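*Asks:* Right, I'll just put the structure down here and ask away after.
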Amino acid sequence: MAGNKLTNIQVYRKKWNINIGVIIFGAVFIYLVVTVLLYLTGNHVTAYEVREGSILKDNAYTGFIVRDETIVQAESDGYINYFALEGSKVGAKTRVYTLSDKKLELTSNTDEESLELTSEEQNSILMKTQSFSENFREEQFSDVYTLKNNITNVLESKSNQSRQAQLDAMVAAGNNDLQIYTAVSDGIILYSTDGYENITTDQVTEDDISKTNYESKNLTDNTKIKAGDPVYKLIRSNDWSVVILLNDETAKELADVNRVKVSFSKDNETTYAGFSIQTKKDTSYGILTFDSSMIRYAEERYLDLELILEDESGLKIPKSSVVTKKFYTVPKDYLTSGGNSSGTGVLVDIGKDQSQFQSVEVYYSDEESNLVYLDYDAFDSNTVLKKPDSSETYELTKTKKLKGVYNINKGYAIFRQVQILCESDEYYIVASGQDYGLTNYDHIALYGDSVRTDDVVF
């Protein structure tokens with residue numbers, strides 16, 4: 001063994017080499033883990049895309065019509081026949097009805113030439129039908145009845161012309177048994193009575209509006225009548241009223257209203273009416289007053305209508321997006337440009353006749369008061385501002401609140417003020433095209449109280 005040589009084997013530590021790929025992979029892995037954790041534990045902001053829209057707030061009613069009506073009575077006995085078109089305007093010389101000792105044999109059909117529509121009448125029907133076809137919408141199916149009434153009026157007018165021609169022929173033939181009566185005055189003529197001709201708005205009751213026991217009696221041709229019987233009715237004024245029944249909530253809401261927008265279900269016509277409220281025996285009645293279009297509804301005692309209390313168009317946003325934020329109000333003269341950019345800012349007094357430029361964002365500008373609204377959180381309390389090129393100063397003490405939403409177009413939250421025009425249960429309609437406001441297709445936080453100014457949301 002002595003002859004064996006001992007070998008001294010030393011193990012050297014292997015030199016450590018930096019693997020850049022492993023480092024990059026580790027960094028990316030850590031970033032992904034942190035990102036996932038932040039996402040899982042962070043506050044998620046749901047976006048809402050602002051779109052143009054409208055809100056129509058209306059209340060539907062059945063109203064009771066009150067107008068200036070007079071019933072004309074027969075001057076003698078006989079069989080009555082009518083020759084003025086019902087619902088039309090008549091004058092003092094218009095032939096309205098005849099009385100005879102026996103029934104008149106009036107034919108509804110004469111020769112084909114007299115029944116043929118003139119070119120003007122044909123064009124009138126064609127134009128009304130074409131207009132209906134081009135503008136028809138399923139949600140306004142009542143337009144079908146409007147078209148029907150328009151065409152019926154043309155045809156009835158043609159039929160009435162035929163009756164007038166037959167009356168002329170009987171007069172020319174020397175029918176001494178025939179007595180012809182003209183209208184007693186100008187007005188819109190109707191051949192029905194219902195007992196409400198002399199009622200006033202003060203006398204209308206809840207039962208009247210609900211049609212309890214309502215009956216209307218039609219006056220027809222070749223009916224035997226006696227002297228003193230009603231023969232027709234005249235509406236002598238274009239002033240008329242509609243009485244509606246109001247619940248307590250609506251009466252309170254409309255207490256100070258003296259003019260409302262009204263839509264009639266019969267023909268979808270919209271107009272404005274004077275408005276007042278009468279209270280009788282703890283029941284509130286709305287009185288709508290009109291001074292035109294009486295002839296359109298002359299044959300009606302009841303009208304289905306809607307009071308359009310709000311009808312606004314603009315940008316439609318959820319109520320959940322709107323928050324209230326406090327701002328300092330500062331005279332516009334204190335704004336200036338400076339610093340390392342041309343951005344807007346103010347000069348903050350830091351003492352010893354020195355000032356420091358601070359960039360600011362204007363959130364609203366009130367042209368009437370000449371004030372701008374600056375972020376309340378951007379300044380310390382009792383900060384003093386210096387007016388540019390002046391020795392005047394302004395202490396930040398006055399504040400006001402603005403309603404607004406958080407715009408998240410750029411991936412972080414920016415407050416934008418909104419001017420609310422009207423509202424429904426879930427949405428506001430706000431003004432569009434305003435400085436410092438929203439525009440169509442902006443993205444805002446669906447829940448405004450879930451974010452703060454400058455929060456990163458993406």
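Naming scheme: A, B, ... for chains in displayed order of the structure tokens; residues 1 onward per chain; ligands 1 onward as shown.
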Contacts of stretch 381-396 of chain A at 12 Å or less, counting only C-alpha atoms, minus same-chain residues fewer than 5 places along, as a list in words?
*Replies:* Phe327, Tyr328, Thr329, Val330, Pro331, Lys332, Asp333, Tyr334, Leu335, Thr336, Ser337, Gly338, Gly345, Val346, Leu347, Val348, Asp349, Ile350, Gly351, Asp353, Gln354, Ser355, Gln356, Phe357, Gln358, Tyr373, Leu374, Asp375 and Tyr376 of chain A
*Asks:* Could those selected residues go to a file with N, CA, C and O atoms, as a short mmCIF file (atom, residue, chain, number, x, y, z; two decimals), in the first residue's frame?
*Replies:*
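Output saved as out-v1.cif:
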```
data_model
loop_
_atom_site.label_atom_id
_atom_site.label_comp_id
_atom_site.auth_asym_id
_atom_site.auth_seq_id
_atom_site.Cartn_x
_atom_site.Cartn_y
_atom_site.Cartn_z
N PHE A 327 -67.81 70.40 -5.95
CA PHE A 327 -66.77 71.14 -6.65
C PHE A 327 -66.57 72.52 -6.02
O PHE A 327 -67.50 73.07 -5.42
N TYR A 328 -65.37 73.05 -6.17
CA TYR A 328 -65.12 74.44 -5.85
C TYR A 328 -65.60 75.29 -7.03
O TYR A 328 -65.39 74.94 -8.19
N THR A 329 -66.24 76.41 -6.72
CA THR A 329 -66.61 77.36 -7.76
C THR A 329 -65.62 78.52 -7.76
O THR A 329 -65.36 79.12 -6.71
N VAL A 330 -65.08 78.81 -8.92
CA VAL A 330 -64.01 79.81 -9.05
C VAL A 330 -64.36 80.75 -10.19
O VAL A 330 -64.81 80.30 -11.26
N PRO A 331 -64.17 82.07 -10.02
CA PRO A 331 -64.39 83.00 -11.14
C PRO A 331 -63.52 82.61 -12.33
O PRO A 331 -62.36 82.24 -12.18
N LYS A 332 -64.09 82.69 -13.50
CA LYS A 332 -63.39 82.27 -14.71
C LYS A 332 -62.11 83.07 -14.95
O LYS A 332 -61.17 82.58 -15.58
N ASP A 333 -62.07 84.29 -14.41
CA ASP A 333 -60.88 85.14 -14.61
C ASP A 333 -59.64 84.57 -13.96
O ASP A 333 -58.52 85.02 -14.26
N TYR A 334 -59.79 83.61 -13.08
CA TYR A 334 -58.63 83.06 -12.37
C TYR A 334 -57.98 81.91 -13.15
O TYR A 334 -56.96 81.39 -12.73
N LEU A 335 -58.57 81.52 -14.25
CA LEU A 335 -57.95 80.49 -15.09
C LEU A 335 -56.83 81.09 -15.92
O LEU A 335 -56.91 82.25 -16.35
N THR A 336 -55.81 80.32 -16.16
CA THR A 336 -54.68 80.79 -16.96
C THR A 336 -54.01 79.60 -17.62
O THR A 336 -54.41 78.44 -17.42
N SER A 337 -52.99 79.87 -18.40
CA SER A 337 -52.18 78.82 -19.02
C SER A 337 -50.76 78.95 -18.51
O SER A 337 -50.28 80.05 -18.25
N GLY A 338 -50.06 77.86 -18.40
CA GLY A 338 -48.71 77.94 -17.91
C GLY A 338 -48.10 76.59 -17.71
O GLY A 338 -48.58 75.58 -18.24
N GLY A 345 -54.95 76.02 -16.08
CA GLY A 345 -54.61 75.87 -14.68
C GLY A 345 -54.92 77.13 -13.90
O GLY A 345 -55.53 78.08 -14.43
N VAL A 346 -54.50 77.13 -12.65
CA VAL A 346 -54.68 78.30 -11.77
C VAL A 346 -53.35 78.56 -11.07
O VAL A 346 -52.47 77.70 -11.01
N LEU A 347 -53.22 79.77 -10.53
CA LEU A 347 -52.03 80.15 -9.76
C LEU A 347 -52.35 80.03 -8.28
O LEU A 347 -53.23 80.73 -7.78
N VAL A 348 -51.64 79.12 -7.59
CA VAL A 348 -51.86 78.89 -6.17
C VAL A 348 -50.87 79.76 -5.38
O VAL A 348 -49.66 79.73 -5.62
N ASP A 349 -51.41 80.52 -4.45
CA ASP A 349 -50.58 81.39 -3.61
C ASP A 349 -49.80 80.51 -2.61
O ASP A 349 -50.40 79.81 -1.79
N ILE A 350 -48.46 80.56 -2.69
CA ILE A 350 -47.63 79.76 -1.77
C ILE A 350 -46.89 80.65 -0.77
O ILE A 350 -45.98 80.19 -0.07
N GLY A 351 -47.30 81.90 -0.67
CA GLY A 351 -46.70 82.81 0.31
C GLY A 351 -45.52 83.59 -0.24
O GLY A 351 -44.97 83.26 -1.29
N ASP A 353 -45.43 86.43 -1.60
CA ASP A 353 -45.72 87.03 -2.90
C ASP A 353 -45.35 86.11 -4.06
O ASP A 353 -44.99 86.58 -5.15
N GLN A 354 -45.40 84.84 -3.83
CA GLN A 354 -45.09 83.88 -4.88
C GLN A 354 -46.31 82.98 -5.14
O GLN A 354 -47.14 82.76 -4.25
N SER A 355 -46.35 82.48 -6.33
CA SER A 355 -47.46 81.58 -6.71
C SER A 355 -46.92 80.43 -7.52
O SER A 355 -45.84 80.51 -8.13
N GLN A 356 -47.68 79.37 -7.54
CA GLN A 356 -47.27 78.17 -8.26
C GLN A 356 -48.41 77.74 -9.17
O GLN A 356 -49.57 77.67 -8.77
N PHE A 357 -48.06 77.44 -10.41
CA PHE A 357 -49.06 77.01 -11.39
C PHE A 357 -49.51 75.58 -11.09
O PHE A 357 -48.70 74.70 -10.85
N GLN A 358 -50.82 75.38 -11.10
CA GLN A 358 -51.38 74.03 -10.89
C GLN A 358 -52.38 73.75 -11.99
O GLN A 358 -53.35 74.51 -12.19
N TYR A 373 -66.29 75.22 -12.44
CA TYR A 373 -66.30 74.22 -11.37
C TYR A 373 -65.01 73.40 -11.45
O TYR A 373 -64.72 72.80 -12.49
N LEU A 374 -64.24 73.41 -10.34
CA LEU A 374 -62.98 72.69 -10.26
C LEU A 374 -63.06 71.58 -9.22
O LEU A 374 -63.80 71.69 -8.23
N ASP A 375 -62.29 70.53 -9.44
CA ASP A 375 -62.34 69.34 -8.59
C ASP A 375 -62.05 69.70 -7.13
O ASP A 375 -61.01 70.28 -6.81
N TYR A 376 -62.95 69.32 -6.25
CA TYR A 376 -62.80 69.62 -4.83
C TYR A 376 -61.59 68.91 -4.23
O TYR A 376 -60.89 69.45 -3.37
#
```
*Asks:* Would you list the contacts of A:Gly433 as number ranges by chain, taking every protein, DNA or RNA residue within 10 Å and counting only C-alpha atoms, but skipping same-chain residues closer than 5 positions in sequence?
*Replies:* A: 314-315, 438-440
*Asks:* For A:Lys316, find every residue with an atom within 10 Å (counting only C-alpha atoms), except residues of its own chain fewer than 4 positions away, and show them as a JSON list (two decimals) with N, CA and C atoms, in the first residue's frame.
*Replies:*
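This is the output file part-v6.json:
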```
[["chain", "number", "residue", "atom", "x", "y", "z"],
["A", 49, "GLU", "N", -73.27, 51.91, -22.84],
["A", 49, "GLU", "CA", -73.10, 52.78, -24.00],
["A", 49, "GLU", "C", -74.25, 53.77, -24.08],
["A", 50, "VAL", "N", -73.91, 55.04, -24.08],
["A", 50, "VAL", "CA", -74.91, 56.10, -24.14],
["A", 50, "VAL", "C", -75.50, 56.15, -25.55],
["A", 51, "ARG", "N", -76.82, 56.18, -25.64],
["A", 51, "ARG", "CA", -77.50, 56.28, -26.93],
["A", 51, "ARG", "C", -78.60, 57.32, -26.85],
["A", 52, "GLU", "N", -78.92, 57.88, -28.01],
["A", 52, "GLU", "CA", -80.02, 58.83, -28.07],
["A", 52, "GLU", "C", -81.34, 58.09, -27.81],
["A", 53, "GLY", "N", -82.24, 58.74, -27.13],
["A", 53, "GLY", "CA", -83.51, 58.12, -26.81],
["A", 53, "GLY", "C", -84.52, 59.17, -26.38],
["A", 54, "SER", "N", -85.65, 58.72, -25.94],
["A", 54, "SER", "CA", -86.71, 59.63, -25.50],
["A", 54, "SER", "C", -87.54, 58.95, -24.42],
["A", 55, "ILE", "N", -88.20, 59.77, -23.65],
["A", 55, "ILE", "CA", -89.12, 59.29, -22.62],
["A", 55, "ILE", "C", -90.45, 60.01, -22.79],
["A", 420, "ILE", "N", -80.39, 66.95, -16.52],
["A", 420, "ILE", "CA", -81.52, 66.03, -16.61],
["A", 420, "ILE", "C", -82.75, 66.76, -17.14],
["A", 422, "CYS", "N", -85.81, 64.85, -18.17],
["A", 422, "CYS", "CA", -86.96, 64.14, -17.63],
["A", 422, "CYS", "C", -86.51, 62.75, -17.21],
["A", 423, "GLU", "N", -87.42, 62.00, -16.61],
["A", 423, "GLU", "CA", -87.04, 60.70, -16.08],
["A", 423, "GLU", "C", -88.20, 59.71, -16.13],
["A", 427, "TYR", "N", -84.62, 55.32, -16.06],
["A", 427, "TYR", "CA", -83.72, 56.08, -16.92],
["A", 427, "TYR", "C", -83.94, 57.59, -16.79],
["A", 428, "TYR", "N", -82.88, 58.32, -17.14],
["A", 428, "TYR", "CA", -82.95, 59.77, -17.32],
["A", 428, "TYR", "C", -82.77, 60.08, -18.80],
["A", 429, "ILE", "N", -83.41, 61.15, -19.25],
["A", 429, "ILE", "CA", -83.06, 61.77, -20.52],
["A", 429, "ILE", "C", -82.28, 63.03, -20.20],
["A", 430, "VAL", "N", -81.03, 63.12, -20.69],
["A", 430, "VAL", "CA", -80.17, 64.27, -20.41],
["A", 430, "VAL", "C", -79.87, 65.00, -21.70],
["A", 431, "ALA", "N", -79.53, 66.29, -21.56],
["A", 431, "ALA", "CA", -79.26, 67.13, -22.72],
["A", 431, "ALA", "C", -78.00, 66.64, -23.44],
["A", 432, "SER", "N", -78.03, 66.72, -24.76],
["A", 432, "SER", "CA", -76.86, 66.34, -25.56],
["A", 432, "SER", "C", -76.22, 67.58, -26.16],
["A", 440, "ASN", "N", -73.32, 61.11, -27.92],
["A", 440, "ASN", "CA", -73.83, 59.80, -28.32],
["A", 440, "ASN", "C", -72.70, 58.79, -28.48]]
```
*Asks:* Considering only C-alpha atoms, tabulate each residue of stretch 284-381 of chain A that lies at most 10 Å from stretch 58-77 of chain A along with its nearest interatomic pair and the corresponding distance in Å to one decimal; arrange the rows by chain and ascending residue number and present them as JSON lines.
*Replies:*
```
{"residue": "A:Gly286", "atom": "CA", "partner": "A:Gly63", "partner_atom": "CA", "distance": 9.2}
{"residue": "A:Ile287", "atom": "CA", "partner": "A:Gly63", "partner_atom": "CA", "distance": 9.3}
{"residue": "A:Leu288", "atom": "CA", "partner": "A:Gly63", "partner_atom": "CA", "distance": 9.1}
{"residue": "A:Thr289", "atom": "CA", "partner": "A:Val66", "partner_atom": "CA", "distance": 9.5}
{"residue": "A:Met294", "atom": "CA", "partner": "A:Arg67", "partner_atom": "CA", "distance": 8.9}
{"residue": "A:Tyr297", "atom": "CA", "partner": "A:Ile65", "partner_atom": "CA", "distance": 9.1}
{"residue": "A:Ala298", "atom": "CA", "partner": "A:Arg67", "partner_atom": "CA", "distance": 9.3}
{"residue": "A:Glu300", "atom": "CA", "partner": "A:Ile65", "partner_atom": "CA", "distance": 7.6}
{"residue": "A:Arg301", "atom": "CA", "partner": "A:Ile65", "partner_atom": "CA", "distance": 5.2}
{"residue": "A:Tyr302", "atom": "CA", "partner": "A:Phe64", "partner_atom": "CA", "distance": 4.9}
{"residue": "A:Leu303", "atom": "CA", "partner": "A:Gly63", "partner_atom": "CA", "distance": 5.2}
{"residue": "A:Asp304", "atom": "CA", "partner": "A:Thr62", "partner_atom": "CA", "distance": 4.5}
{"residue": "A:Leu305", "atom": "CA", "partner": "A:Tyr61", "partner_atom": "CA", "distance": 5.5}
{"residue": "A:Glu306", "atom": "CA", "partner": "A:Ala60", "partner_atom": "CA", "distance": 4.3}
{"residue": "A:Leu307", "atom": "CA", "partner": "A:Asn59", "partner_atom": "CA", "distance": 5.3}
{"residue": "A:Ile308", "atom": "CA", "partner": "A:Asp58", "partner_atom": "CA", "distance": 4.4}
{"residue": "A:Leu309", "atom": "CA", "partner": "A:Asp58", "partner_atom": "CA", "distance": 5.5}
{"residue": "A:Glu310", "atom": "CA", "partner": "A:Asp58", "partner_atom": "CA", "distance": 6.9}
{"residue": "A:Asp311", "atom": "CA", "partner": "A:Asp58", "partner_atom": "CA", "distance": 8.4}
```
*Asks:* Just want the 9 Å neighbourhood of A:Arg416, counted on only C-alpha atoms, with same-chain residues fewer than 2 positions away dropped. Output as a list in words.
*Replies:*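 Contacts, with the query itself left out: Tyr363, Tyr364, Lys403, Gly404, Val405, Tyr406, Asn407, Ile414, Val418, Tyr436, Gly437 and Leu438 of chain A.
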